[in-house]
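*Asks:* This is the structure, below, for whatever I ask next.
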Amino acid sequence: MYVEAQDRLLEIAGDIGEDGGAVPVPALPGWTIKDTYAHLAGVSADVLSGATPADIGDDQWTARHVSERADRRLAQIRAEWAGNAAAMKDHLGARSGLGSALTAVDAWHHEQDIRGALRFPGGRRDAAEVTDVVVAGLSGGWPEDLPAVRIECIDAEARWTVGPGRPGVRLRARVFDVARLLIGRRSRAQALALPWEGPVGTVLEYLHVFPMPTVGLVE
């Protein structure tokens, strides 16, 4: 999944040029498309050097990727990331643990962040696989006093239960929307507009990895 997302993103970076790199990314307030590529290049460099922190969502870690590459052009950042492609493929291919899965999930979601900024949808095929990883993480920290959430996809043979116990909340939605909801790329208003059954208000704050955006994302 990581390799395929990287291939697509390298192609996009080559097509949009420096002007495209300056486009703001609504899903990542304060970041441009170039900044997002800087983060992706930084992740690969840190993974290969063994400098990845335990919490890959650490703000200081991701900010360092951007600041260290602030004076580089998008083409230079693209070249750095492309230069690590073969080594990353070998590294991730030799490891099947959570760290490798999260690296792939990170790349896939940032691809969607960039595509959303460019109004250029695509690369959505792995949404169910991405969601497998995220659901496992959310379920591991699910509060014991909350009902489980049953999610069924209307456009894919995929379903999950978030949390232990008997489901008390249900959602039937497109697999892409589920993936983006659970990572934290849907506003509260967008999330509540989905076709839920049951008291979703009691579980929604636990049903996303990163904070929800205050303004709805159009993808």
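Within each chain, counting starts at residue 1; across the structure tokens, chains are named A, B, ... in the order shown, with ligands numbered 1 upward in that order.
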Could you name the residues that touch A:Leu102 at 10 Å or less, counting only C-alpha atoms, but leaving out those on the same chain fewer than 3 positions away, as an NGL selection string?
*Replies:* :A and (2 or 56 or 97-99 or 105-108 or 130 or 133-134)
*Asks:* Produce a file of the selected residues containing N, CA and C atoms, as a tab-separated table (two decimals), in the first residue's frame.
*Replies:*
```
chain	number	residue	atom	x	y	z
A	2	TYR	N	1.93	1.25	0.82
A	2	TYR	CA	2.82	2.42	0.87
A	2	TYR	C	3.45	2.68	-0.49
A	56	ILE	N	3.83	8.36	16.16
A	56	ILE	CA	4.10	8.96	14.86
A	56	ILE	C	3.19	10.15	14.58
A	97	GLY	N	4.89	-5.55	11.12
A	97	GLY	CA	4.36	-5.07	12.38
A	97	GLY	C	3.53	-3.81	12.25
A	98	LEU	N	3.10	-3.30	13.41
A	98	LEU	CA	2.23	-2.14	13.44
A	98	LEU	C	2.92	-0.91	12.86
A	99	GLY	N	4.22	-0.77	13.12
A	99	GLY	CA	4.93	0.41	12.63
A	99	GLY	C	4.87	0.53	11.12
A	105	VAL	N	-0.50	3.68	6.30
A	105	VAL	CA	-1.75	4.42	6.55
A	105	VAL	C	-1.50	5.92	6.47
A	106	ASP	N	-0.39	6.37	7.04
A	106	ASP	CA	-0.03	7.79	7.00
A	106	ASP	C	0.12	8.27	5.56
A	107	ALA	N	0.83	7.51	4.76
A	107	ALA	CA	1.05	7.92	3.36
A	107	ALA	C	-0.27	7.94	2.59
A	108	TRP	N	-1.12	6.94	2.81
A	108	TRP	CA	-2.39	6.89	2.08
A	108	TRP	C	-3.27	8.09	2.44
A	130	VAL	N	-6.76	0.25	4.91
A	130	VAL	CA	-6.40	1.34	5.82
A	130	VAL	C	-7.29	1.30	7.05
A	133	VAL	N	-6.51	-1.21	9.90
A	133	VAL	CA	-5.47	-0.79	10.85
A	133	VAL	C	-6.01	0.20	11.87
A	134	VAL	N	-6.78	1.17	11.39
A	134	VAL	CA	-7.30	2.21	12.27
A	134	VAL	C	-8.31	1.65	13.26
```
*Asks:* Got a sec: who's within 12 Å of A:Leu118, counting only C-alpha atoms, leaving out chain neighbours fewer than 4 positions off, as a ChimeraX atom specification?
*Replies:* /A:12-13,15-16,19-27,32-33,111-114,122,218-219
*Asks:* Would you output that residue set with C-alpha atoms, as a compact mmCIF listing (two decimals), in the first residue's frame?
*Replies:*
```txt
# COMPACT_ATOMS: atom_id res chain seq x y z
CA ILE A 12 1.43 14.15 -8.81
CA ALA A 13 4.40 16.14 -7.48
CA ASP A 15 2.90 17.23 -12.57
CA ILE A 16 1.92 20.16 -10.35
CA ASP A 19 3.06 26.62 -7.95
CA GLY A 20 1.09 23.52 -7.05
CA GLY A 21 3.32 22.96 -4.06
CA ALA A 22 2.21 26.31 -2.63
CA VAL A 23 -1.47 25.29 -2.51
CA PRO A 24 -2.83 25.11 1.08
CA VAL A 25 -4.06 21.73 2.31
CA PRO A 26 -7.45 22.15 4.04
CA ALA A 27 -7.07 18.83 5.87
CA THR A 32 0.89 23.55 1.98
CA ILE A 33 1.21 20.67 -0.43
CA GLU A 111 -2.29 11.28 -0.48
CA GLN A 112 -5.98 11.93 0.04
CA ASP A 113 -5.21 15.22 1.82
CA ILE A 114 -3.16 16.35 -1.19
CA GLY A 122 -8.20 8.96 -6.85
CA VAL A 218 -14.76 18.46 0.33
CA GLU A 219 -13.18 15.42 -1.30
```
*Asks:* Given the choices A:His109, A:Arg73, A:Lys34, A:His91, which gets closest to A:Asp177 if the distance is worked out from only C-alpha atoms?
*Replies:*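 Looking at the shortest contact to A:Asp177, the residue is A:His109.
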*Asks:* Could you find all residues in chain A that DSSP calls helix (DSSP H, G or I) from the backbone, and write them as a ChimeraX atom specification?
*Replies:* /A:2-21,33-49,59-68,74-83,85-93,98-118,127-140,175-183,188-192,200-202,204-206
*Asks:* If DSSP is run on the backbone, what residues of stretch 2-218 of chain A are strand (DSSP E or B)? A reply as a ChimeraX atom specification would be ideal.
*Replies:* /A:24,32,148-153,159-162,167-173,196-197
*Asks:* Grab the atom CA of A:Arg172 to atom CA of A:Ser139 distance for me, in Å with one decimal place.
*Replies:* 18.4 Å
*Asks:* Would you please work out which residue, of A:Gly123, A:Trp31, A:Gly17, A:Ala94, is nearest to A:Ile77 when using only C-alpha atoms?
*Replies:*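 Nearest candidate to A:Ile77 out of A:Gly123, A:Trp31, A:Gly17, A:Ala94: A:Gly17.
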*Asks:* Suppose you want the space between atom CA of A:Ala41 and atom CA of A:Leu28; what is it in Å?
*Replies:* 16.4 Å
*Asks:* Choose the residue, out of A:Val162, A:Met88, A:Ala148, A:Ala128, that has the smallest atom-to-atom separation from A:Val178; count only C-alpha atoms.
*Replies:*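 Looking only at the distances to A:Val178, the closest residue turns out to be A:Ala128.
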*Asks:* If I take atom CA of A:Val200 and atom CA of A:Glu157, how far is one from the other in Å, to one decimal?
*Replies:* 23.1 Å
*Asks:* Skip A:Gln190 itself and residues of its chain fewer than 2 positions away, then list as an mmCIF file with N, CA and C atoms, in the first residue's frame all residues within 9 Å of it, counting only C-alpha atoms.
*Replies:*
```
data_model
loop_
_atom_site.group_PDB
_atom_site.id
_atom_site.type_symbol
_atom_site.label_atom_id
_atom_site.label_comp_id
_atom_site.auth_asym_id
_atom_site.auth_seq_id
_atom_site.Cartn_x
_atom_site.Cartn_y
_atom_site.Cartn_z
ATOM 1 N N LEU A 181 -13.427 9.382 8.011
ATOM 2 C CA LEU A 181 -14.054 9.676 9.299
ATOM 3 C C LEU A 181 -13.177 9.197 10.445
ATOM 4 N N ARG A 186 -13.240 14.308 8.874
ATOM 5 C CA ARG A 186 -14.611 14.761 8.697
ATOM 6 C C ARG A 186 -14.966 15.658 9.882
ATOM 7 N N SER A 187 -15.610 16.778 9.601
ATOM 8 C CA SER A 187 -16.043 17.655 10.684
ATOM 9 C C SER A 187 -17.158 16.969 11.470
ATOM 10 N N ARG A 188 -17.448 17.519 12.640
ATOM 11 C CA ARG A 188 -18.531 16.933 13.444
ATOM 12 C C ARG A 188 -19.851 16.981 12.677
ATOM 13 N N LEU A 192 -22.036 13.697 11.772
ATOM 14 C CA LEU A 192 -23.403 13.501 12.242
ATOM 15 C C LEU A 192 -24.394 13.379 11.103
ATOM 16 N N ALA A 193 -24.029 13.879 9.913
ATOM 17 C CA ALA A 193 -24.921 13.794 8.755
ATOM 18 C C ALA A 193 -24.925 12.399 8.129
ATOM 19 N N LEU A 194 -24.010 11.542 8.535
ATOM 20 C CA LEU A 194 -23.980 10.179 8.011
ATOM 21 C C LEU A 194 -25.169 9.390 8.567
ATOM 22 N N GLY A 216 -15.921 21.499 7.295
ATOM 23 C CA GLY A 216 -16.035 20.261 6.540
ATOM 24 C C GLY A 216 -15.096 20.224 5.335
ATOM 25 N N LEU A 217 -14.523 19.053 5.087
ATOM 26 C CA LEU A 217 -13.642 18.870 3.944
ATOM 27 C C LEU A 217 -14.439 18.365 2.748
#
```
*Asks:* Near stretch 57-69 of chain A, counting only C-alpha atoms, which residues have an atom at most 12 Å away, once you skip same-chain residues fewer than 2 positions from it, shown as a PyMOL selection string?
*Replies:* chain A and resi 28+30-46+51-55+71-78+80-81+102-103+105-106+183+209-211
*Asks:* Write out the residues from the selection above, keeping N, CA and C atoms, as a CSV table (one decimal), in the first residue's frame.
*Replies:*
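Output (result_31.csv):
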```csv
chain,number,residue,atom,x,y,z
A,28,LEU,N,-4.9,19.8,6.5
A,28,LEU,CA,-3.8,20.0,7.4
A,28,LEU,C,-3.5,21.5,7.6
A,30,GLY,N,-2.4,25.1,8.0
A,30,GLY,CA,-1.1,25.7,8.2
A,30,GLY,C,-0.1,25.0,7.3
A,31,TRP,N,-0.4,23.9,6.6
A,31,TRP,CA,0.5,23.3,5.7
A,31,TRP,C,0.1,23.5,4.3
A,32,THR,N,1.1,23.6,3.4
A,32,THR,CA,0.9,23.6,2.0
A,32,THR,C,1.1,22.1,1.5
A,33,ILE,N,0.9,22.0,0.2
A,33,ILE,CA,1.2,20.7,-0.4
A,33,ILE,C,2.7,20.4,-0.3
A,34,LYS,N,3.5,21.4,-0.5
A,34,LYS,CA,5.0,21.1,-0.3
A,34,LYS,C,5.3,20.7,1.1
A,35,ASP,N,4.7,21.3,2.1
A,35,ASP,CA,4.9,20.9,3.5
A,35,ASP,C,4.5,19.4,3.7
A,36,THR,N,3.4,19.0,3.0
A,36,THR,CA,3.0,17.6,3.2
A,36,THR,C,4.0,16.7,2.6
A,37,TYR,N,4.5,17.0,1.4
A,37,TYR,CA,5.6,16.2,0.8
A,37,TYR,C,6.8,16.2,1.7
A,38,ALA,N,7.1,17.3,2.4
A,38,ALA,CA,8.3,17.4,3.3
A,38,ALA,C,8.1,16.4,4.4
A,39,HIS,N,6.9,16.3,4.9
A,39,HIS,CA,6.6,15.4,6.0
A,39,HIS,C,6.8,13.9,5.5
A,40,LEU,N,6.3,13.6,4.3
A,40,LEU,CA,6.4,12.3,3.8
A,40,LEU,C,7.9,11.9,3.5
A,41,ALA,N,8.6,12.8,3.0
A,41,ALA,CA,10.1,12.6,2.8
A,41,ALA,C,10.8,12.4,4.1
A,42,GLY,N,10.4,13.2,5.1
A,42,GLY,CA,11.0,13.1,6.4
A,42,GLY,C,10.7,11.8,7.1
A,43,VAL,N,9.5,11.3,6.9
A,43,VAL,CA,9.1,10.0,7.5
A,43,VAL,C,10.0,8.9,6.9
A,44,SER,N,10.2,8.9,5.6
A,44,SER,CA,11.0,7.8,5.0
A,44,SER,C,12.4,7.9,5.5
A,45,ALA,N,13.0,9.1,5.6
A,45,ALA,CA,14.3,9.3,6.1
A,45,ALA,C,14.5,8.8,7.5
A,46,ASP,N,13.5,9.1,8.4
A,46,ASP,CA,13.5,8.7,9.8
A,46,ASP,C,13.3,7.2,9.9
A,51,ALA,N,15.0,6.6,13.4
A,51,ALA,CA,14.7,7.7,14.2
A,51,ALA,C,13.2,8.0,14.4
A,52,THR,N,12.3,7.0,14.1
A,52,THR,CA,10.9,7.2,14.2
A,52,THR,C,10.5,7.1,15.7
A,53,PRO,N,9.7,8.1,16.2
A,53,PRO,CA,9.3,8.0,17.6
A,53,PRO,C,8.2,7.0,17.8
A,54,ALA,N,7.9,6.7,19.1
A,54,ALA,CA,6.8,5.8,19.4
A,54,ALA,C,5.5,6.3,18.9
A,55,ASP,N,5.3,7.6,19.0
A,55,ASP,CA,4.0,8.3,18.6
A,55,ASP,C,4.3,9.0,17.3
A,71,ASP,N,13.5,25.4,3.1
A,71,ASP,CA,14.3,26.2,2.0
A,71,ASP,C,14.4,25.4,0.7
A,72,ARG,N,13.8,24.2,0.7
A,72,ARG,CA,13.9,23.4,-0.5
A,72,ARG,C,12.7,23.6,-1.4
A,73,ARG,N,12.9,23.4,-2.7
A,73,ARG,CA,11.8,23.4,-3.6
A,73,ARG,C,11.1,22.0,-3.6
A,74,LEU,N,9.9,22.0,-4.1
A,74,LEU,CA,9.1,20.8,-4.2
A,74,LEU,C,9.9,19.7,-5.0
A,75,ALA,N,10.5,20.1,-6.0
A,75,ALA,CA,11.2,19.2,-6.9
A,75,ALA,C,12.4,18.5,-6.1
A,76,GLN,N,13.0,19.3,-5.2
A,76,GLN,CA,14.1,18.7,-4.4
A,76,GLN,C,13.6,17.7,-3.3
A,77,ILE,N,12.4,18.1,-2.7
A,77,ILE,CA,11.8,17.2,-1.8
A,77,ILE,C,11.3,15.9,-2.4
A,78,ARG,N,10.8,16.1,-3.6
A,78,ARG,CA,10.3,14.9,-4.4
A,78,ARG,C,11.5,14.0,-4.7
A,80,GLU,N,14.3,13.7,-3.0
A,80,GLU,CA,14.7,13.0,-1.8
A,80,GLU,C,13.9,11.8,-1.5
A,81,TRP,N,12.6,12.0,-1.5
A,81,TRP,CA,11.6,10.9,-1.2
A,81,TRP,C,11.8,9.8,-2.3
A,102,LEU,N,1.3,1.5,10.1
A,102,LEU,CA,1.0,2.9,10.3
A,102,LEU,C,1.7,3.8,9.3
A,103,THR,N,2.9,3.4,8.9
A,103,THR,CA,3.6,4.2,7.9
A,103,THR,C,2.8,4.2,6.6
A,105,VAL,N,-0.5,3.7,6.3
A,105,VAL,CA,-1.7,4.4,6.6
A,105,VAL,C,-1.5,5.9,6.5
A,106,ASP,N,-0.4,6.4,7.0
A,106,ASP,CA,0.0,7.8,7.0
A,106,ASP,C,0.1,8.3,5.6
A,183,ILE,N,-10.0,8.5,10.7
A,183,ILE,CA,-8.7,9.1,10.9
A,183,ILE,C,-8.9,10.5,11.5
A,209,VAL,N,-9.0,9.3,15.1
A,209,VAL,CA,-7.7,9.3,15.6
A,209,VAL,C,-7.2,10.7,15.9
A,210,PHE,N,-7.4,11.6,15.0
A,210,PHE,CA,-6.9,13.0,15.1
A,210,PHE,C,-8.1,13.9,15.3
A,211,PRO,N,-8.0,15.1,15.8
A,211,PRO,CA,-9.1,16.0,16.0
A,211,PRO,C,-9.8,16.3,14.7
```
*Asks:* Find the residues near A:Arg174: any atom within 9 Å, counting only C-alpha atoms, skip ones fewer than 5 places away on the same chain, and give them as a ChimeraX atom specification.
*Replies:* /A:152-156,179
*Asks:* Considering only C-alpha atoms, state which residue in the set A:Val175, A:Leu48, A:Leu146, A:Ala85 is at the smallest distance from A:Trp160.
*Replies:* A:Val175
*Asks:* Measuring atom to atom with only C-alpha atoms, identify which of A:Val203, A:Val3, A:Ala70, A:Ala173 is nearest to A:Ala82.
*Replies:*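 Result for the nearest residue to A:Ala82: A:Val3.
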*Asks:* Restricting the calculation to only C-alpha atoms: of A:Arg115, A:Arg170, A:Arg125, A:Arg150, which residue gets closest to A:Glu4?
*Replies:* A:Arg125
